[in-house]
file run.cif (mmCIF, C-alpha atoms and all ligand atoms)
data_run
loop_
_atom_site.label_atom_id
_atom_site.label_comp_id
_atom_site.auth_asym_id
_atom_site.auth_seq_id
_atom_site.Cartn_x
_atom_site.Cartn_y
_atom_site.Cartn_z
CA MET A 1 -16.14 -1.39 15.60
CA THR A 2 -12.57 -2.56 14.97
CA LYS A 3 -12.07 -5.57 12.69
CA GLU A 4 -8.83 -7.40 13.29
CA LEU A 5 -7.37 -9.43 10.41
CA ALA A 6 -3.99 -11.18 10.45
CA THR A 7 -1.98 -8.19 9.08
CA ILE A 8 -4.30 -5.19 9.16
CA GLN A 9 -6.96 -3.67 11.38
CA THR A 10 -9.95 -1.77 10.03
CA SER A 11 -12.58 0.42 11.63
CA VAL A 12 -15.25 2.77 10.34
CA GLU A 13 -16.29 5.94 12.12
CA SER A 14 -17.96 9.10 10.82
CA GLY A 15 -17.65 7.91 7.21
CA VAL A 16 -13.89 7.26 7.59
CA LEU A 17 -12.48 3.79 7.00
CA THR A 18 -9.21 3.58 8.92
CA ILE A 19 -6.86 0.83 7.73
CA THR A 20 -3.94 0.16 10.06
CA LEU A 21 -1.05 -1.94 8.74
CA ASN A 22 -0.39 -4.21 11.66
CA ARG A 23 2.87 -6.17 11.66
CA PRO A 24 4.78 -3.91 14.05
CA ASP A 25 7.59 -6.43 14.74
CA SER A 26 8.82 -6.03 11.16
CA LEU A 27 7.84 -2.34 10.95
CA ASN A 28 4.69 -3.40 9.08
CA ALA A 29 6.63 -5.07 6.27
CA PHE A 30 4.39 -5.89 3.34
CA ASN A 31 3.87 -9.62 2.85
CA GLU A 32 1.55 -11.80 0.77
CA GLN A 33 -1.15 -11.84 3.43
CA MET A 34 -1.07 -8.07 3.81
CA ALA A 35 -1.41 -7.69 0.05
CA VAL A 36 -4.59 -9.78 0.10
CA GLU A 37 -6.07 -8.08 3.16
CA LEU A 38 -5.23 -4.52 2.09
CA ALA A 39 -6.63 -5.11 -1.39
CA GLY A 40 -9.80 -6.53 0.19
CA ALA A 41 -10.24 -3.54 2.53
CA LEU A 42 -9.80 -1.08 -0.35
CA ARG A 43 -12.34 -3.02 -2.43
CA VAL A 44 -14.87 -2.71 0.39
CA ALA A 45 -14.08 1.01 0.71
CA GLU A 46 -14.77 1.51 -2.97
CA ARG A 47 -18.16 -0.23 -2.87
CA ASP A 48 -19.49 0.97 0.47
CA ASP A 49 -21.32 4.30 0.14
CA GLY A 50 -20.99 4.74 3.90
CA VAL A 51 -17.22 5.10 3.46
CA ARG A 52 -16.43 8.63 2.27
CA CYS A 53 -12.72 8.79 3.12
CA VAL A 54 -9.96 6.21 3.66
CA LEU A 55 -7.23 6.75 6.24
CA LEU A 56 -4.14 4.55 5.95
CA THR A 57 -1.68 4.30 8.82
CA GLY A 58 0.70 1.91 10.58
CA ALA A 59 0.76 0.26 14.00
CA GLY A 60 3.73 0.80 16.30
CA ARG A 61 6.72 2.95 15.41
CA ALA A 62 6.58 2.64 11.61
CA PHE A 63 4.21 3.25 8.74
CA CYS A 64 5.52 0.42 6.53
CA SER A 65 9.01 -0.88 5.76
CA GLY A 66 8.10 -2.04 2.25
CA GLN A 67 8.40 -5.55 0.91
CA ASP A 68 8.97 -8.13 3.64
CA LEU A 69 12.57 -9.04 2.88
CA ALA A 70 12.34 -12.24 4.91
CA GLU A 71 9.61 -13.34 2.51
CA ILE A 72 11.87 -12.54 -0.46
CA ARG A 73 14.61 -14.61 1.16
CA SER A 74 12.19 -17.48 1.59
CA ARG A 75 11.37 -17.16 -2.10
CA TYR A 76 15.10 -17.57 -2.84
CA ALA A 77 15.21 -20.60 -0.62
CA ALA A 78 12.34 -22.14 -2.55
CA ASP A 79 13.95 -21.32 -5.85
CA ALA A 80 17.74 -20.99 -5.75
CA SER A 81 17.96 -18.88 -8.91
CA ALA A 82 17.21 -15.19 -8.34
CA GLU A 83 16.66 -14.77 -12.06
CA GLN A 84 13.72 -17.12 -11.88
CA LEU A 85 11.85 -15.03 -9.31
CA ASP A 86 9.08 -13.36 -11.24
CA PHE A 87 9.22 -9.83 -9.83
CA ALA A 88 7.02 -8.43 -12.60
CA ARG A 89 4.29 -10.93 -11.83
CA HIS A 90 4.60 -10.26 -8.10
CA LEU A 91 4.15 -6.53 -8.70
CA ARG A 92 1.28 -7.01 -11.14
CA GLU A 93 -0.59 -9.36 -8.80
CA LYS A 94 0.16 -7.97 -5.33
CA TYR A 95 1.26 -4.35 -5.40
CA ASN A 96 -0.21 -2.82 -8.53
CA PRO A 97 -3.89 -3.52 -7.79
CA ILE A 98 -3.48 -1.77 -4.44
CA VAL A 99 -1.81 1.32 -5.88
CA GLN A 100 -4.28 1.36 -8.74
CA ARG A 101 -7.20 1.32 -6.33
CA ILE A 102 -5.75 4.01 -4.06
CA ARG A 103 -5.36 6.22 -7.13
CA THR A 104 -8.69 5.46 -8.79
CA ILE A 105 -11.11 5.11 -5.88
CA GLU A 106 -13.30 8.20 -6.18
CA LYS A 107 -12.96 9.05 -2.50
CA PRO A 108 -10.12 10.85 -0.75
CA VAL A 109 -7.33 8.63 0.60
CA VAL A 110 -5.12 10.06 3.34
CA ALA A 111 -1.87 8.58 4.65
CA ALA A 112 -1.21 9.25 8.33
CA VAL A 113 2.54 8.64 8.32
CA ASN A 114 3.32 7.71 11.91
CA GLY A 115 6.93 6.59 11.45
CA VAL A 116 9.34 5.38 8.81
CA ALA A 117 7.90 4.69 5.34
CA ALA A 118 10.44 2.69 3.33
CA GLY A 119 10.47 1.16 -0.16
CA ALA A 120 6.97 0.28 -1.29
CA GLY A 121 5.77 1.61 2.07
CA ALA A 122 6.91 5.06 0.96
CA SER A 123 5.34 4.48 -2.48
CA PHE A 124 1.98 3.72 -0.85
CA THR A 125 2.04 7.08 0.93
CA PHE A 126 2.91 8.87 -2.34
CA ALA A 127 -0.08 7.22 -4.06
CA CYS A 128 -2.46 8.66 -1.44
CA ASP A 129 -4.13 12.00 -2.12
CA LEU A 130 -2.86 13.68 1.05
CA ARG A 131 -0.14 12.92 3.58
CA ILE A 132 -0.19 14.05 7.19
CA ALA A 133 2.97 13.08 9.06
CA ALA A 134 4.28 12.93 12.60
CA ARG A 135 7.37 15.06 13.13
CA SER A 136 9.48 11.95 13.85
CA ALA A 137 8.34 10.15 10.66
CA SER A 138 10.69 9.63 7.74
CA PHE A 139 10.78 8.43 4.16
CA VAL A 140 13.42 6.26 2.51
CA MET A 141 13.48 5.03 -1.07
CA ALA A 142 15.18 1.87 0.16
CA PHE A 143 14.86 0.01 -3.15
CA VAL A 144 18.36 0.91 -4.34
CA HIS A 145 19.91 -0.61 -1.20
CA VAL A 146 18.54 -4.00 -2.20
CA GLY A 147 19.40 -3.55 -5.87
CA LEU A 148 15.85 -2.81 -7.03
CA ILE A 149 14.11 0.08 -8.71
CA PRO A 150 11.30 2.15 -7.17
CA ASP A 151 7.92 0.52 -7.73
CA SER A 152 4.29 0.80 -6.68
CA GLY A 153 3.93 3.89 -8.85
CA ALA A 154 6.66 5.94 -7.16
CA THR A 155 8.53 6.71 -10.37
CA LEU A 156 5.46 8.77 -11.30
CA THR A 157 3.98 9.86 -7.98
CA LEU A 158 7.22 10.96 -6.32
CA LEU A 159 8.04 12.93 -9.45
CA GLN A 160 4.62 14.58 -9.30
CA HIS A 161 5.13 15.60 -5.68
CA VAL A 162 8.75 16.81 -5.69
CA GLY A 163 9.95 17.17 -9.33
CA TYR A 164 12.68 15.28 -11.18
CA SER A 165 15.75 16.53 -9.40
CA LYS A 166 14.65 15.68 -5.85
CA ALA A 167 12.99 12.43 -7.00
CA ALA A 168 16.25 11.31 -8.66
CA GLU A 169 18.25 12.20 -5.54
CA LEU A 170 15.90 10.28 -3.24
CA CYS A 171 15.71 7.24 -5.50
CA MET A 172 19.39 7.05 -6.49
CA LEU A 173 21.01 7.79 -3.13
CA GLY A 174 18.32 6.10 -1.03
CA GLU A 175 18.96 8.47 1.86
CA LYS A 176 16.36 8.73 4.57
CA ILE A 177 14.65 12.13 4.76
CA SER A 178 12.83 13.47 7.76
CA ALA A 179 9.15 14.40 7.68
CA GLU A 180 10.25 18.04 8.08
CA GLU A 181 12.32 17.84 4.90
CA ALA A 182 9.52 16.00 3.09
CA HIS A 183 7.15 18.78 4.18
CA ARG A 184 9.54 21.44 2.82
CA HIS A 185 9.55 19.65 -0.55
CA GLY A 186 5.76 19.41 -0.73
CA LEU A 187 5.72 15.67 -0.17
CA VAL A 188 3.88 16.02 3.13
CA ASN A 189 0.80 18.23 3.32
CA LYS A 190 0.71 18.64 7.08
CA LEU A 191 3.25 18.07 9.82
CA VAL A 192 2.18 17.58 13.43
CA ASP A 193 3.77 16.61 16.73
CA ASP A 194 3.87 12.84 17.22
CA ALA A 195 1.28 12.78 20.00
CA GLU A 196 -1.12 14.81 17.88
CA LEU A 197 -1.03 12.62 14.78
CA PRO A 198 -3.93 10.23 15.50
CA ALA A 199 -6.36 13.03 16.40
CA ALA A 200 -5.17 15.36 13.63
CA ALA A 201 -5.41 12.60 11.03
CA ARG A 202 -8.89 11.60 12.21
CA GLU A 203 -10.00 15.22 12.10
CA LEU A 204 -8.68 15.73 8.56
CA ALA A 205 -10.25 12.49 7.35
CA ALA A 206 -13.59 13.21 9.05
CA ARG A 207 -13.58 16.67 7.47
CA LEU A 208 -13.02 15.16 4.02
CA ALA A 209 -15.72 12.55 4.70
CA SER A 210 -18.25 15.29 5.44
CA MET A 211 -17.60 17.04 2.11
CA PRO A 212 -19.25 16.44 -1.29
CA THR A 213 -17.80 13.00 -2.01
CA ARG A 214 -18.85 12.88 -5.68
CA ALA A 215 -17.22 16.24 -6.40
CA ILE A 216 -14.03 15.16 -4.60
CA GLY A 217 -14.00 11.84 -6.50
CA LEU A 218 -14.45 13.59 -9.82
CA THR A 219 -11.77 16.13 -8.89
CA LYS A 220 -9.40 13.25 -8.16
CA ARG A 221 -10.21 11.66 -11.52
CA ALA A 222 -9.58 14.97 -13.33
CA LEU A 223 -6.29 15.59 -11.48
CA ASN A 224 -5.06 12.07 -12.28
CA ARG A 225 -5.94 12.45 -15.94
CA ALA A 226 -4.48 15.91 -16.27
CA TRP A 227 -0.91 14.80 -15.60
CA THR A 228 -0.38 13.28 -19.03
CA ALA A 229 -3.20 14.94 -20.92
CA THR A 230 -3.22 17.85 -23.33
CA ILE A 231 -5.08 21.04 -22.44
CA GLU A 232 -7.88 19.90 -24.80
CA ASP A 233 -8.21 16.55 -22.98
CA THR A 234 -8.15 18.35 -19.64
CA LEU A 235 -10.85 20.86 -20.55
CA GLU A 236 -13.05 18.06 -21.88
CA ALA A 237 -12.51 15.89 -18.77
CA GLU A 238 -13.35 18.87 -16.57
CA ALA A 239 -16.52 19.53 -18.56
CA TYR A 240 -17.58 15.89 -18.12
CA GLY A 241 -16.74 15.91 -14.40
CA GLN A 242 -18.55 19.20 -13.86
CA ALA A 243 -21.66 17.95 -15.63
CA THR A 244 -21.68 14.94 -13.28
CA ALA A 245 -20.93 16.93 -10.12
CA GLY A 246 -23.50 19.55 -11.11
CA ARG A 247 -26.24 16.90 -10.98
CA THR A 248 -25.51 15.84 -7.37
CA ALA A 249 -27.62 16.68 -4.35
CA ASP A 250 -24.46 17.93 -2.64
CA HIS A 251 -23.95 20.59 -5.32
CA ARG A 252 -27.50 21.83 -4.79
CA GLU A 253 -27.05 21.70 -1.01
CA GLY A 254 -23.78 23.68 -1.22
CA VAL A 255 -25.39 26.45 -3.27
CA LEU A 256 -28.52 26.63 -1.08
CA ALA A 257 -26.47 26.59 2.14
CA PHE A 258 -24.33 29.45 0.86
CA LEU A 259 -27.33 31.55 -0.13
CA GLU A 260 -29.16 30.75 3.10
CA LYS A 261 -26.01 31.58 5.13
CA ARG A 262 -25.96 28.18 6.91
CA LYS A 263 -23.56 25.26 7.19
CA PRO A 264 -24.08 22.71 4.38
CA GLY A 265 -25.05 19.12 5.26
CA PHE A 266 -23.38 17.10 2.53
CA MET A 267 -24.65 13.54 2.08
CA GLY A 268 -21.96 12.24 -0.27
CA ARG A 269 -24.24 11.94 -3.28
O1 LIG A 301 8.45 -8.28 -6.20
C1 LIG A 301 8.91 -7.75 -5.17
O2 LIG A 301 8.68 -8.20 -4.04
C2 LIG A 301 9.71 -6.49 -5.29
C3 LIG A 301 9.13 -5.40 -4.49
C4 LIG A 301 9.90 -4.58 -3.74
C5 LIG A 301 9.31 -3.48 -2.99
C6 LIG A 301 10.17 -2.97 -1.85
O3 LIG A 301 9.58 -2.40 -0.93
S1 LIG A 301 11.87 -3.19 -1.89
C7 LIG A 301 12.40 -2.40 -0.36
C8 LIG A 301 12.18 -3.26 0.83
N1 LIG A 301 12.40 -2.55 2.08
C9 LIG A 301 13.62 -2.26 2.54
O4 LIG A 301 14.63 -2.53 1.94
C10 LIG A 301 13.69 -1.59 3.91
C11 LIG A 301 14.41 -2.49 4.92
N2 LIG A 301 14.38 -1.90 6.22
C12 LIG A 301 15.19 -0.88 6.58
O5 LIG A 301 15.96 -0.36 5.80
C13 LIG A 301 15.10 -0.43 7.99
O6 LIG A 301 14.50 -1.43 8.77
C14 LIG A 301 14.27 0.89 8.16
C15 LIG A 301 15.02 2.07 7.55
C16 LIG A 301 12.89 0.77 7.54
C17 LIG A 301 14.07 1.19 9.68
O7 LIG A 301 15.31 1.07 10.33
P1 LIG A 301 15.36 0.93 11.93
O8 LIG A 301 16.80 1.01 12.31
O9 LIG A 301 14.44 1.92 12.52
O10 LIG A 301 14.74 -0.51 12.25
P2 LIG A 301 15.45 -1.93 12.08
O11 LIG A 301 16.16 -2.28 13.35
O12 LIG A 301 16.20 -2.00 10.82
O13 LIG A 301 14.15 -2.87 11.92
C18 LIG A 301 13.38 -3.30 13.03
C19 LIG A 301 12.93 -4.73 12.77
O14 LIG A 301 12.10 -4.74 11.60
C20 LIG A 301 14.11 -5.65 12.48
O15 LIG A 301 13.76 -6.93 12.96
P3 LIG A 301 14.41 -7.49 14.33
O16 LIG A 301 15.89 -7.40 14.18
O17 LIG A 301 13.90 -6.56 15.41
O18 LIG A 301 13.87 -8.88 14.45
C21 LIG A 301 14.15 -5.70 10.97
O19 LIG A 301 14.73 -6.85 10.44
C22 LIG A 301 12.66 -5.67 10.66
N3 LIG A 301 12.43 -5.13 9.31
C23 LIG A 301 12.54 -3.87 8.90
N4 LIG A 301 12.26 -3.77 7.61
C24 LIG A 301 11.94 -5.00 7.20
C25 LIG A 301 12.04 -5.89 8.26
N5 LIG A 301 11.78 -7.19 8.13
C26 LIG A 301 11.42 -7.64 6.91
N6 LIG A 301 11.30 -6.83 5.84
C27 LIG A 301 11.54 -5.52 5.93
N7 LIG A 301 11.36 -4.73 4.88
#

call {"tool": "encode", "arguments": {"input": "run.cif", "output": "structure tokens", "more": "lines below"}}
Ligand code: T3D
result
Amino acid sequence: MTKELATIQTSVESGVLTITLNRPDSLNAFNEQMAVELAGALRVAERDDGVRCVLLTGAGRAFCSGQDLAEIRSRYAADASAEQLDFARHLREKYNPIVQRIRTIEKPVVAAVNGVAAGAGASFTFACDLRIAARSASFVMAFVHVGLIPDSGATLTLLQHVGYSKAAELCMLGEKISAEEAHRHGLVNKLVDDAELPAAARELAARLASMPTRAIGLTKRALNRAWTATIEDTLEAEAYGQATAGRTADHREGVLAFLEKRKPGFMGR
């Protein structure tokens, strides 16, 4: 069943929670209401055991054009001094909890990039675990064009995906890159023809949702930790994660299914 809020739509099917950013007239620009609704949907996804994968996409011809610039302008109107706008607070309260949850929820999060992803919209896709993109999609680190720096985690996540040199080029020049180029640089996991995106994204998400959710969640935790950790930290985190995964019913089911030469039926626990 599809739930329609003011700025997003959600639906759950086969263990996949699909969240569609839904302000197509502004290319799904991110405003205060969307921040509240998206954070709420991700909170539900985290708590609901029936949700075993999250799929994030956009309505219309774009994924997300980043911060709603009309809303920024209205903030200027309310307070004539740009210096007095508390950008740090805005990020801490609206953007950061969303990025934090995408990165820490112990379930796979997939971005189905259906069109342009700009500014924080691009950052949201980078925070996801996997990106599947339509051939006509694109990415633009638009921040520099409005005199801002990349946020929503992109200074780390973009670097992780493409390395320093390409990250610096994308952030400093702010040039739009096609999904094909993003795919070549490892930023996009899978590229499909536009018409195929919804079905291909659903198939990928449903496949992830049918896998051992605990093991995937613990893998995500270990990968996130490993980036800044020493080899000692990493080995210890892996040992902890493996001890936890090794106690799940899905681990047992995977081993038995292999030995019995049958398809495993993972339950997500
Ligand atoms: O604390 C804080 O808030 C700081 C946080 C900042 C985070 C950020 O994300 S900063 C970066 C903000 N985003 C941008 O600067 C991107 C602005 N948009 C664009 O550069 C272009 O629209 C795109 C490259 C994304 C797409 O270009 P194009 O030619 O395909 O579409 P368009 O014609 O520019 O846009 C279509 C409509 O969407 C248009 O409205 P109209 O004329 O049809 O009524 C345009 O104004 C609107 N739109 C697009 N992006 C935004 C937007 N409206 C509000 N905010 C937007 N970000």

call {"tool": "residues_around", "arguments": {"input": "run.cif", "residues": "A:Gly66", "least_positions_apart": "4", "cutoff": "9 Å", "atoms": "all atoms listed in the file", "output": "MDAnalysis selection string"}}
result
chainID A and resid 27:31 117:124 142:143

call {"tool": "residues_around", "arguments": {"input": "run.cif", "residues": "A:Arg61", "least_positions_apart": "6", "cutoff": "8 Å", "atoms": "all atoms listed in the file", "output": "PyMOL selection string"}}
result
chain A and resi 24+27+114-116

call {"tool": "closest_residue", "arguments": {"input": "run.cif", "among": "A:Ile98, A:Met141, A:Leu21, A:Val12", "to": "ligand LIG 301 (chain A)", "atoms": "all atoms listed in the file"}}
result
A:Met141

call {"tool": "closest_residue", "arguments": {"input": "run.cif", "among": "A:Leu204, A:Val146, A:Leu91, A:Met211", "to": "A:Leu69", "atoms": "only C-alpha atoms"}}
result
A:Val146

call {"tool": "closest_residue", "arguments": {"input": "run.cif", "among": "A:His161, A:His145, A:Arg221, A:Lys3", "to": "A:Gly174", "atoms": "all atoms listed in the file"}}
result
A:His145

call {"tool": "residues_around", "arguments": {"input": "run.cif", "residues": "A:Leu5", "least_positions_apart": "5", "cutoff": "12 Å", "atoms": "all atoms listed in the file", "output": "VMD selection string"}}
result
chain A and resid 10 to 11 19 to 23 33 to 34 36 to 38 40 to 41

call {"tool": "atom_distance", "arguments": {"input": "run.cif", "atom1": "atom CA of A:Asp129", "atom2": "atom CA of A:Val109"}}
result
5.4 Å

call {"tool": "residues_near_point", "arguments": {"input": "run.cif", "point": "(0.1, 14.5, 10.9)", "cutoff": "7 Å", "atoms": "only C-alpha atoms", "output": "number ranges by chain"}}
result
A: 112-113, 132-134, 190-192, 197, 200-201

call {"tool": "write_last_selection", "arguments": {"input": "run.cif", "atoms": "C-alpha atoms", "output": "short mmCIF file (atom, residue, chain, number, x, y, z; two decimals), in the coordinates of the input"}}
result
data_model
loop_
_atom_site.label_atom_id
_atom_site.label_comp_id
_atom_site.auth_asym_id
_atom_site.auth_seq_id
_atom_site.Cartn_x
_atom_site.Cartn_y
_atom_site.Cartn_z
CA ALA A 112 -1.21 9.25 8.33
CA VAL A 113 2.54 8.64 8.32
CA ILE A 132 -0.19 14.05 7.19
CA ALA A 133 2.97 13.08 9.06
CA ALA A 134 4.28 12.93 12.60
CA LYS A 190 0.71 18.64 7.08
CA LEU A 191 3.25 18.07 9.82
CA VAL A 192 2.18 17.58 13.43
CA LEU A 197 -1.03 12.62 14.78
CA ALA A 200 -5.17 15.36 13.63
CA ALA A 201 -5.41 12.60 11.03
#

call {"tool": "residues_around", "arguments": {"input": "run.cif", "residues": "A:Ala215", "least_positions_apart": "2", "cutoff": "12 Å", "atoms": "all atoms listed in the file", "output": "PyMOL selection string"}}
result
chain A and resi 52+106-108+208-213+217-222+238+240-252+254+266-269

call {"tool": "write_last_selection", "arguments": {"input": "run.cif", "atoms": "C-alpha atoms", "output": "PDB file, keeping the file's coordinate frame"}}
result
ATOM      1  CA  ARG A  52     -16.430   8.630   2.270  1.00  0.00           C
ATOM      2  CA  GLU A 106     -13.300   8.200  -6.180  1.00  0.00           C
ATOM      3  CA  LYS A 107     -12.960   9.050  -2.500  1.00  0.00           C
ATOM      4  CA  PRO A 108     -10.120  10.850  -0.750  1.00  0.00           C
ATOM      5  CA  LEU A 208     -13.020  15.160   4.020  1.00  0.00           C
ATOM      6  CA  ALA A 209     -15.720  12.550   4.700  1.00  0.00           C
ATOM      7  CA  SER A 210     -18.250  15.290   5.440  1.00  0.00           C
ATOM      8  CA  MET A 211     -17.600  17.040   2.110  1.00  0.00           C
ATOM      9  CA  PRO A 212     -19.250  16.440  -1.290  1.00  0.00           C
ATOM     10  CA  THR A 213     -17.800  13.000  -2.010  1.00  0.00           C
ATOM     11  CA  GLY A 217     -14.000  11.840  -6.500  1.00  0.00           C
ATOM     12  CA  LEU A 218     -14.450  13.590  -9.820  1.00  0.00           C
ATOM     13  CA  THR A 219     -11.770  16.130  -8.890  1.00  0.00           C
ATOM     14  CA  LYS A 220      -9.400  13.250  -8.160  1.00  0.00           C
ATOM     15  CA  ARG A 221     -10.210  11.660 -11.520  1.00  0.00           C
ATOM     16  CA  ALA A 222      -9.580  14.970 -13.330  1.00  0.00           C
ATOM     17  CA  GLU A 238     -13.350  18.870 -16.570  1.00  0.00           C
ATOM     18  CA  TYR A 240     -17.580  15.890 -18.120  1.00  0.00           C
ATOM     19  CA  GLY A 241     -16.740  15.910 -14.400  1.00  0.00           C
ATOM     20  CA  GLN A 242     -18.550  19.200 -13.860  1.00  0.00           C
ATOM     21  CA  ALA A 243     -21.660  17.950 -15.630  1.00  0.00           C
ATOM     22  CA  THR A 244     -21.680  14.940 -13.280  1.00  0.00           C
ATOM     23  CA  ALA A 245     -20.930  16.930 -10.120  1.00  0.00           C
ATOM     24  CA  GLY A 246     -23.500  19.550 -11.110  1.00  0.00           C
ATOM     25  CA  ARG A 247     -26.240  16.900 -10.980  1.00  0.00           C
ATOM     26  CA  THR A 248     -25.510  15.840  -7.370  1.00  0.00           C
ATOM     27  CA  ALA A 249     -27.620  16.680  -4.350  1.00  0.00           C
ATOM     28  CA  ASP A 250     -24.460  17.930  -2.640  1.00  0.00           C
ATOM     29  CA  HIS A 251     -23.950  20.590  -5.320  1.00  0.00           C
ATOM     30  CA  ARG A 252     -27.500  21.830  -4.790  1.00  0.00           C
ATOM     31  CA  GLY A 254     -23.780  23.680  -1.220  1.00  0.00           C
ATOM     32  CA  PHE A 266     -23.380  17.100   2.530  1.00  0.00           C
ATOM     33  CA  MET A 267     -24.650  13.540   2.080  1.00  0.00           C
ATOM     34  CA  GLY A 268     -21.960  12.240  -0.270  1.00  0.00           C
ATOM     35  CA  ARG A 269     -24.240  11.940  -3.280  1.00  0.00           C
TER      36      ARG A 269
END

call {"tool": "closest_residue", "arguments": {"input": "run.cif", "among": "A:Asp48, A:Glu71, A:Glu260, A:Glu232", "to": "ligand LIG 301 (chain A)", "atoms": "all atoms listed in the file"}}
result
A:Glu71

call {"tool": "atom_distance", "arguments": {"input": "run.cif", "atom1": "atom CA of A:Thr18", "atom2": "atom C2 of ligand LIG 301 (chain A)"}}
result
25.7 Å

call {"tool": "atom_distance", "arguments": {"input": "run.cif", "atom1": "atom CA of A:Tyr76", "atom2": "atom O3 of ligand LIG 301 (chain A)"}}
result
16.3 Å

call {"tool": "closest_residue", "arguments": {"input": "run.cif", "among": "A:Lys176, A:Lys261, A:Arg214, A:His185", "to": "ligand LIG 301 (chain A)", "atoms": "all atoms listed in the file"}}
result
A:Lys176

call {"tool": "residues_around", "arguments": {"input": "run.cif", "residues": "A:Gly15", "least_positions_apart": "6", "cutoff": "9 Å", "atoms": "all atoms listed in the file", "output": "list of chain:residue names"}}
result
A:Asp49, A:Gly50, A:Val51, A:Arg52, A:Cys53, A:Val54, A:Ala205, A:Ala206, A:Ala209, A:Ser210

call {"tool": "closest_residue", "arguments": {"input": "run.cif", "among": "A:Leu56, A:Ala35, A:Ile149, A:Leu259", "to": "A:Arg92", "atoms": "all atoms listed in the file"}}
result
A:Ala35

call {"tool": "axis_aligned_box", "arguments": {"input": "run.cif", "around": "stretch 18-25 of chain A", "padding_each_side": "4 Å", "output": "AutoDock Vina command-line options"}}
result
--center_x -0.8 --center_y -1.4 --center_z 11.2 --size_x 24.8 --size_y 18.0 --size_z 15.0

call {"tool": "decode", "arguments": {"input": "run.cif", "residues": "stretch 107-119 of chain A", "atoms": "N, CA and C atoms", "output": "CSV table (one decimal), in the first residue's frame"}}
result
chain,number,residue,atom,x,y,z
A,107,LYS,N,20.7,-2.3,7.6
A,107,LYS,CA,19.9,-2.9,6.5
A,107,LYS,C,20.5,-2.2,5.2
A,108,PRO,N,20.4,-2.9,4.1
A,108,PRO,CA,21.0,-2.3,2.9
A,108,PRO,C,20.1,-1.1,2.4
A,109,VAL,N,20.7,0.0,2.0
A,109,VAL,CA,20.0,1.1,1.4
A,109,VAL,C,20.5,1.4,0.0
A,110,VAL,N,19.5,1.3,-0.9
A,110,VAL,CA,19.9,1.5,-2.3
A,110,VAL,C,19.3,2.8,-2.9
A,111,ALA,N,20.1,3.5,-3.6
A,111,ALA,CA,19.5,4.7,-4.3
A,111,ALA,C,19.2,4.3,-5.8
A,112,ALA,N,18.0,4.5,-6.2
A,112,ALA,CA,17.7,4.3,-7.6
A,112,ALA,C,17.7,5.7,-8.2
A,113,VAL,N,18.8,6.1,-8.9
A,113,VAL,CA,19.0,7.5,-9.3
A,113,VAL,C,18.3,7.6,-10.7
A,114,ASN,N,17.1,8.2,-10.7
A,114,ASN,CA,16.3,8.3,-11.9
A,114,ASN,C,16.5,9.5,-12.7
A,115,GLY,N,17.3,10.5,-12.2
A,115,GLY,CA,17.5,11.7,-13.0
A,115,GLY,C,18.7,12.5,-12.3
A,116,VAL,N,18.6,13.8,-12.4
A,116,VAL,CA,19.7,14.5,-11.8
A,116,VAL,C,19.7,14.5,-10.3
A,117,ALA,N,20.9,14.3,-9.7
A,117,ALA,CA,21.1,14.3,-8.3
A,117,ALA,C,22.1,15.5,-8.0
A,118,ALA,N,21.6,16.6,-7.4
A,118,ALA,CA,22.5,17.8,-7.3
A,118,ALA,C,22.6,18.1,-5.8
A,119,GLY,N,23.8,18.7,-5.5
A,119,GLY,CA,24.0,19.2,-4.1
A,119,GLY,C,23.8,18.1,-3.1
